[in-house]
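**Q** Below are the structure tokens for one structure; questions will follow.
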Amino acid sequence: MELKDRLYEKIEGHRVRIQRLKKEYGDVEVGRYTIGQVIGGMRGIKSLITDISYLDPNEGIRYRGYTLPEVFEKLPKPENGEMPCVEGLYYLLLTGEIPTKAEAEKVMVDMGNRRQLPKYVYDVIDAFPKKSHPMAILSAAVMSMEKESIFNARYHRGLHKEDYWDSTYEDATNLIAKMPVIGAYIYNKLYTNEPETFQDASLDLGANFAYMINKEAPYDDVSRMYFIIHADHESGNVSAHTGHLIASSLSDVYYAVSGMINGLAGPLHGLANQEVLRWIQGVREKMGDKVPSKEKMKEFVWDTLNSGQVIPGFGHAVLRKTDPRYTVQREFALKHMKDDPLFEYVNTLYEVVPPILVEQGKAKNPWPNVDAQSGVIQWHYGITQYDFYTVLFSIGRAIGVLSNIIWDRALGYPLERPKSVSTEMLERIAGIKQ
Ligand code: CMX
């Protein structure tokens, strides 16, 4: 069945469930929270709803109930591809169903027809100084397309609430199709002598991305894998939450995704993938290209910690075990690049860092996250400009964030508006004498 038709069927069924929960069970308590959680960035407060993914602290992410290995096994793959098509993932995230090959291919054709960028987007990218960070350029390029929003145009003509999801779906699908082209043009413009970016209409989103930046197989699979593993991580992480929050005021998806990109650009979140490579290159320079012994690597890790910095690529606000997104990439690396010296660095770090973080006694999770592995794979395939890595994360993350926004609109989730308190109020709640 066509994705949009299937989605509509699902929306109609789901609306009833949300209305029932709201009307009949609205007063049932979900949980309690503490002063520590209020001061501590709302960790663990259950206050967001999404059916698209769920993050178990020990198991890691599930998309629509499927673990990552299941997602990779079940989604339809292109001819000669080891990794599934990203378009099939979009179908899964939106409907909760694994598409048939024919259903995924229909999404692929539809997205292929939405890829072309308006000329002014190239002009916006061209206007940036060469030293600008690619995340700033990406955010601005997405923002520049706001005038294309179908939701916005229809809203101002007068749109029924029940129909918000339809034009949001159109905007979201347009943006998912266009973001890889924006990313590829930024890459070609900043780092190559041939900024002109050519597409191949016969290729799926991941393979076309590889084609646009002139990378050969298996980089098509690297792109697919990368966009899939980064797509969603529940709603509470900074990028997903920012996208949801902005869209909750009925700002269109261009505003929301531009904001999502800005949140992802922080070193504690998506930018950690570039920070891992920067950290490793620092060690490599000191080692004169040799892979350090475990003892030497321990010294580098302690030096970083003792200078008050974090070890990028390790730790997580929710996860308490090794990130399955790390493991998926590690398995790919073992198959395709196991002798790469930087992969040896990553392996040594995997052995050395967790016991040190435990010994230091601060991090609640000493294990590697998605970012510990991802830059090294990009580096292996010639993308050595590590500033660019978070752009790749953004292209993937937009797929989950936009799927969530479509559902937010379909279910009529309201403007987000948590309540603030003052320090004095918390002291009063704590029973501290003023
Ligand atoms: N290296 C050193 N210290 C770390 C650490 C790490 N990798 N991870 C956590 N800590 C420290 C925290 O900075 C904090 O220190 P203070 O008490 O001095 O403030 C303490 O341990 C407790 O932190 P936590 O509760 O375990 O972790 P948070 O939920 O506060 O933060 C995260 C989570 C990811 C920001 C943190 O683990 C971190 O900074 N990791 C390194 C950066 C990174 O890899 N980020 C990417 C995460 C995945 C992603 O979003 O892309």
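Naming scheme: A, B, ... for chains in displayed order of the structure tokens; residues 1 onward per chain; ligands 1 onward as shown.
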What lies within 8 Å of Ala184 (chain A) using only C-alpha atoms, ignoring chain neighbours under 4 positions off, as a PyMOL selection string?
**A** chain A and resi 180+188+197+209+212-213
**Q** Write out the residues from the selection above, keeping C-alpha atoms, as an mmCIF file, in the first residue's frame.
**A**
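Okay, result-v1.cif is ready:
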data_model
loop_
_atom_site.group_PDB
_atom_site.id
_atom_site.type_symbol
_atom_site.label_atom_id
_atom_site.label_comp_id
_atom_site.auth_asym_id
_atom_site.auth_seq_id
_atom_site.Cartn_x
_atom_site.Cartn_y
_atom_site.Cartn_z
ATOM 1 C CA PRO A 180 21.280 14.735 1.486
ATOM 2 C CA ASN A 188 31.733 19.407 -2.368
ATOM 3 C CA THR A 197 26.878 18.161 -7.414
ATOM 4 C CA PHE A 209 24.420 10.509 -1.412
ATOM 5 C CA MET A 212 26.909 12.963 -5.097
ATOM 6 C CA ILE A 213 30.135 13.107 -3.072
#
**Q** Identify, counting only C-alpha atoms and all ligand atoms, the protein, DNA and RNA residues located within 7 Å of ligand 1, and give them as a ChimeraX atom specification.
**A** /A:237,267-272,305,309-318,357,362-366,369-371
**Q** Kindly provide the residues of region 156-262 of chain A that approach region 378-382 of chain A to within 9 Å, each paired with its closest atom pair and their distance in Å to one decimal, based on only C-alpha atoms, listed by chain and increasing number, as a Markdown table.
**A**
| residue | atom | partner | partner_atom | distance |
| --- | --- | --- | --- | --- |
| A:Lys215 | CA | A:Tyr381 | CA | 7.8 |
| A:Glu216 | CA | A:Tyr381 | CA | 8.9 |
| A:Pro218 | CA | A:Tyr381 | CA | 8.9 |
| A:Tyr219 | CA | A:Tyr381 | CA | 7.0 |
| A:Val222 | CA | A:Gln378 | CA | 8.2 |
**Q** CA of Glu103 (chain A) and CA of Pro76 (chain A), how far apart in Å?
**A**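 Going from CA of Pro76 (chain A) over to CA of Glu103 (chain A) covers 9.4 Å.
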**Q** Going by DSSP on the backbone, which bits of region 251-417 of chain A are helix (DSSP H, G or I)? Write them as a count of residues only, please.
**A** 109
**Q** Need the shell around region 161-168 of chain A: protein/DNA/RNA residues with any atom at most 6 Å away, counting only C-alpha atoms. Skip same-chain ones fewer than 3 positions apart. Format as JSON, numbers by chain?
**A** {"A": [150, 151, 171, 172, 406, 409, 410]}
**Q** For the residues selected in the previous step, produce a file with C-alpha atoms as a compact mmCIF listing (two decimals), in the first residue's frame.
**A**
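Produced file selection09.txt, reproduced below:
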# COMPACT_ATOMS: atom_id res chain seq x y z
CA ILE A 150 2.94 23.63 2.16
CA PHE A 151 1.66 23.44 5.75
CA ASP A 171 6.83 19.12 3.87
CA ALA A 172 8.62 16.38 5.83
CA ILE A 406 3.89 14.27 11.43
CA ARG A 409 0.21 16.93 14.19
CA ALA A 410 -1.95 13.87 13.45
**Q** Please determine, counting only C-alpha atoms, which residue among A:Tyr90, A:Tyr345, A:Tyr255, A:Tyr350 has the shortest atom-to-atom distance to Pro292 (chain A).
**A**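 Ranking A:Tyr90, A:Tyr345, A:Tyr255, A:Tyr350 by distance to Pro292 (chain A), first place goes to A:Tyr345.
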**Q** Which residues, written as an MDAnalysis selection string, have at least one atom at most 12 Å from Pro195 (chain A), with only C-alpha atoms counted and residues fewer than 3 positions away on the same chain left out?
**A** chainID A and resid 122 125:126 181:192 198 212:214
**Q** CA of Gly412 (chain A) and CA of Val16 (chain A), how far apart in Å?
**A** 11.7 Å
**Q** Name the residues in contact with Lys101 (chain A) at a cut-off of 12 Å, using only C-alpha atoms, excluding same-chain residues fewer than 5 positions from it; report them as a PyMOL selection string.
**A** chain A and resi 1+74-79+84-85+87-89+91+106-108
**Q** Only all heavy atoms, please: the residues just picked out, written as a tab-separated table (two decimals), in the first residue's frame.
**A**
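Writing the result to result_8.tsv gives the following:
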chain	number	residue	atom	x	y	z
A	1	MET	N	0.84	-1.20	0.00
A	1	MET	CA	0.00	0.00	0.00
A	1	MET	C	0.88	1.26	0.00
A	1	MET	O	1.97	1.24	0.57
A	1	MET	CB	-0.87	-0.02	1.27
A	1	MET	CG	-2.00	0.95	1.25
A	1	MET	SD	-2.88	0.95	2.83
A	1	MET	CE	-4.51	0.50	2.33
A	74	LYS	N	15.43	-7.04	8.55
A	74	LYS	CA	14.09	-7.13	7.96
A	74	LYS	C	13.79	-6.13	6.85
A	74	LYS	O	13.00	-6.41	5.96
A	74	LYS	CB	13.04	-6.98	9.07
A	74	LYS	CG	12.98	-8.17	10.02
A	74	LYS	CD	11.93	-7.94	11.09
A	74	LYS	CE	12.02	-8.94	12.21
A	74	LYS	NZ	11.76	-10.33	11.81
A	75	LEU	N	14.37	-4.95	6.91
A	75	LEU	CA	14.01	-3.94	5.90
A	75	LEU	C	14.53	-4.35	4.52
A	75	LEU	O	15.62	-4.93	4.41
A	75	LEU	CB	14.60	-2.57	6.27
A	75	LEU	CG	13.89	-1.78	7.37
A	75	LEU	CD1	14.62	-0.44	7.58
A	75	LEU	CD2	12.43	-1.51	7.03
A	76	PRO	N	13.77	-4.04	3.47
A	76	PRO	CA	14.20	-4.42	2.12
A	76	PRO	C	15.52	-3.76	1.72
A	76	PRO	O	15.76	-2.60	2.06
A	76	PRO	CB	13.07	-3.90	1.22
A	76	PRO	CG	11.96	-3.52	2.10
A	76	PRO	CD	12.47	-3.35	3.48
A	77	LYS	N	16.35	-4.54	1.02
A	77	LYS	CA	17.67	-4.03	0.60
A	77	LYS	C	17.68	-3.82	-0.91
A	77	LYS	O	17.02	-4.54	-1.65
A	77	LYS	CB	18.75	-5.04	0.98
A	77	LYS	CG	18.84	-5.28	2.47
A	77	LYS	CD	19.99	-6.18	2.83
A	77	LYS	CE	20.09	-6.38	4.34
A	77	LYS	NZ	18.96	-7.06	4.95
A	78	PRO	N	18.49	-2.87	-1.36
A	78	PRO	CA	18.61	-2.69	-2.81
A	78	PRO	C	19.47	-3.80	-3.42
A	78	PRO	O	20.18	-4.49	-2.68
A	78	PRO	CB	19.31	-1.34	-2.93
A	78	PRO	CG	20.06	-1.18	-1.65
A	78	PRO	CD	19.33	-1.94	-0.60
A	79	GLU	N	19.41	-3.95	-4.74
A	79	GLU	CA	20.28	-4.91	-5.42
A	79	GLU	C	21.73	-4.65	-5.00
A	79	GLU	O	22.15	-3.50	-4.97
A	79	GLU	CB	20.21	-4.72	-6.95
A	79	GLU	CG	18.84	-4.99	-7.57
A	79	GLU	CD	18.38	-6.43	-7.38
A	79	GLU	OE1	19.23	-7.34	-7.52
A	79	GLU	OE2	17.18	-6.64	-7.08
A	84	PRO	N	19.96	-1.91	4.29
A	84	PRO	CA	18.64	-1.59	3.71
A	84	PRO	C	18.54	-0.15	3.23
A	84	PRO	O	19.32	0.72	3.62
A	84	PRO	CB	17.68	-1.81	4.88
A	84	PRO	CG	18.46	-2.32	6.01
A	84	PRO	CD	19.91	-2.11	5.74
A	85	CYS	N	17.48	0.08	2.41
A	85	CYS	CA	17.22	1.44	1.92
A	85	CYS	C	16.64	2.29	3.04
A	85	CYS	O	15.78	1.84	3.79
A	85	CYS	CB	16.18	1.43	0.82
A	85	CYS	SG	16.70	0.56	-0.60
A	87	GLU	N	14.65	4.67	2.63
A	87	GLU	CA	13.23	4.93	2.34
A	87	GLU	C	12.34	3.92	3.03
A	87	GLU	O	11.22	4.24	3.46
A	87	GLU	CB	12.99	4.89	0.82
A	87	GLU	CG	13.62	6.05	0.06
A	87	GLU	CD	15.08	5.80	-0.36
A	87	GLU	OE1	15.73	4.89	0.23
A	87	GLU	OE2	15.56	6.50	-1.26
A	88	GLY	N	12.80	2.67	3.15
A	88	GLY	CA	12.03	1.63	3.86
A	88	GLY	C	11.94	1.94	5.34
A	88	GLY	O	10.92	1.67	6.00
A	89	LEU	N	13.02	2.53	5.88
A	89	LEU	CA	12.99	2.92	7.30
A	89	LEU	C	11.92	3.98	7.54
A	89	LEU	O	11.20	3.94	8.54
A	89	LEU	CB	14.36	3.47	7.73
A	89	LEU	CG	14.35	3.97	9.17
A	89	LEU	CD1	14.53	2.82	10.15
A	89	LEU	CD2	15.41	5.03	9.41
A	91	TYR	N	9.17	4.35	5.98
A	91	TYR	CA	7.88	3.64	5.99
A	91	TYR	C	7.67	2.98	7.35
A	91	TYR	O	6.59	3.08	7.95
A	91	TYR	CB	7.88	2.59	4.87
A	91	TYR	CG	6.52	1.99	4.57
A	91	TYR	CD1	5.84	2.32	3.40
A	91	TYR	CD2	5.91	1.09	5.44
A	91	TYR	CE1	4.60	1.79	3.10
A	91	TYR	CE2	4.66	0.54	5.16
A	91	TYR	CZ	4.01	0.90	3.99
A	91	TYR	OH	2.77	0.37	3.71
A	106	LYS	N	8.32	2.29	-3.91
A	106	LYS	CA	7.42	3.41	-4.22
A	106	LYS	C	7.85	4.67	-3.46
A	106	LYS	O	7.80	5.78	-3.99
A	106	LYS	CB	5.98	3.05	-3.83
A	106	LYS	CG	5.28	2.27	-4.91
A	106	LYS	CD	3.81	2.15	-4.60
A	106	LYS	CE	3.14	1.24	-5.62
A	106	LYS	NZ	1.89	0.67	-5.15
A	107	VAL	N	8.24	4.47	-2.19
A	107	VAL	CA	8.71	5.62	-1.40
A	107	VAL	C	9.98	6.19	-2.06
A	107	VAL	O	10.17	7.40	-2.16
A	107	VAL	CB	9.01	5.23	0.07
A	107	VAL	CG1	9.44	6.45	0.88
A	107	VAL	CG2	7.81	4.56	0.72
A	108	MET	N	10.80	5.25	-2.55
A	108	MET	CA	12.07	5.67	-3.17
A	108	MET	C	11.79	6.55	-4.40
A	108	MET	O	12.41	7.60	-4.58
A	108	MET	CB	12.80	4.40	-3.61
A	108	MET	CG	14.28	4.54	-3.74
A	108	MET	SD	14.98	3.01	-4.37
A	108	MET	CE	14.59	1.86	-3.10
**Q** Might you pull out every residue within 9 Å of Ala140 (chain A), with only C-alpha atoms counted and same-chain residues fewer than 3 positions away left off, and present them as a PyMOL selection string?
**A** chain A and resi 124-125+135-137+143-145+258
**Q** Let me see the file: selected residues, all heavy atoms, as a compact mmCIF listing (two decimals), in the first residue's frame.
**A**
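To be explicit, this is the file written out as again.txt:
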# COMPACT_ATOMS: atom_id res chain seq x y z
N VAL A 124 22.57 30.46 -1.08
CA VAL A 124 22.74 30.65 0.38
C VAL A 124 24.02 29.95 0.83
O VAL A 124 24.85 30.52 1.56
CB VAL A 124 21.51 30.10 1.15
CG1 VAL A 124 21.80 29.99 2.65
CG2 VAL A 124 20.28 30.97 0.91
N ILE A 125 24.22 28.72 0.36
CA ILE A 125 25.42 27.97 0.76
C ILE A 125 26.68 28.69 0.23
O ILE A 125 27.67 28.86 0.96
CB ILE A 125 25.34 26.52 0.25
CG1 ILE A 125 24.16 25.81 0.92
CG2 ILE A 125 26.65 25.76 0.52
CD1 ILE A 125 23.81 24.44 0.35
N MET A 135 27.74 22.73 9.97
CA MET A 135 26.43 22.65 10.64
C MET A 135 25.70 23.99 10.57
O MET A 135 24.47 24.04 10.45
CB MET A 135 26.59 22.21 12.10
CG MET A 135 26.95 20.76 12.26
SD MET A 135 25.63 19.65 11.71
CE MET A 135 24.60 19.62 13.17
N ALA A 136 26.46 25.09 10.65
CA ALA A 136 25.83 26.41 10.54
C ALA A 136 25.29 26.60 9.12
O ALA A 136 24.18 27.12 8.92
CB ALA A 136 26.86 27.50 10.86
N ILE A 137 26.04 26.12 8.14
CA ILE A 137 25.59 26.25 6.74
C ILE A 137 24.35 25.39 6.52
O ILE A 137 23.37 25.83 5.90
CB ILE A 137 26.71 25.84 5.76
CG1 ILE A 137 28.01 26.60 6.07
CG2 ILE A 137 26.26 26.09 4.32
CD1 ILE A 137 29.18 26.24 5.17
N MET A 143 16.78 26.42 6.63
CA MET A 143 15.93 27.56 7.00
C MET A 143 15.51 28.37 5.77
O MET A 143 14.37 28.85 5.69
CB MET A 143 16.72 28.44 7.98
CG MET A 143 15.95 29.42 8.79
SD MET A 143 14.77 28.70 9.90
CE MET A 143 13.36 28.56 8.90
N SER A 144 16.46 28.46 4.82
CA SER A 144 16.16 29.29 3.63
C SER A 144 14.97 28.73 2.85
O SER A 144 14.32 29.45 2.10
CB SER A 144 17.39 29.39 2.72
OG SER A 144 17.60 28.17 2.04
N MET A 145 14.67 27.45 3.03
CA MET A 145 13.58 26.83 2.24
C MET A 145 12.22 27.00 2.91
O MET A 145 11.23 26.45 2.43
CB MET A 145 13.87 25.34 2.05
CG MET A 145 15.00 25.11 1.06
SD MET A 145 15.08 23.39 0.53
CE MET A 145 15.52 22.58 2.03
N SER A 258 15.73 23.11 11.30
CA SER A 258 16.87 24.01 11.45
C SER A 258 17.27 24.08 12.94
O SER A 258 18.45 23.99 13.29
CB SER A 258 16.50 25.39 10.91
OG SER A 258 17.58 26.25 11.00
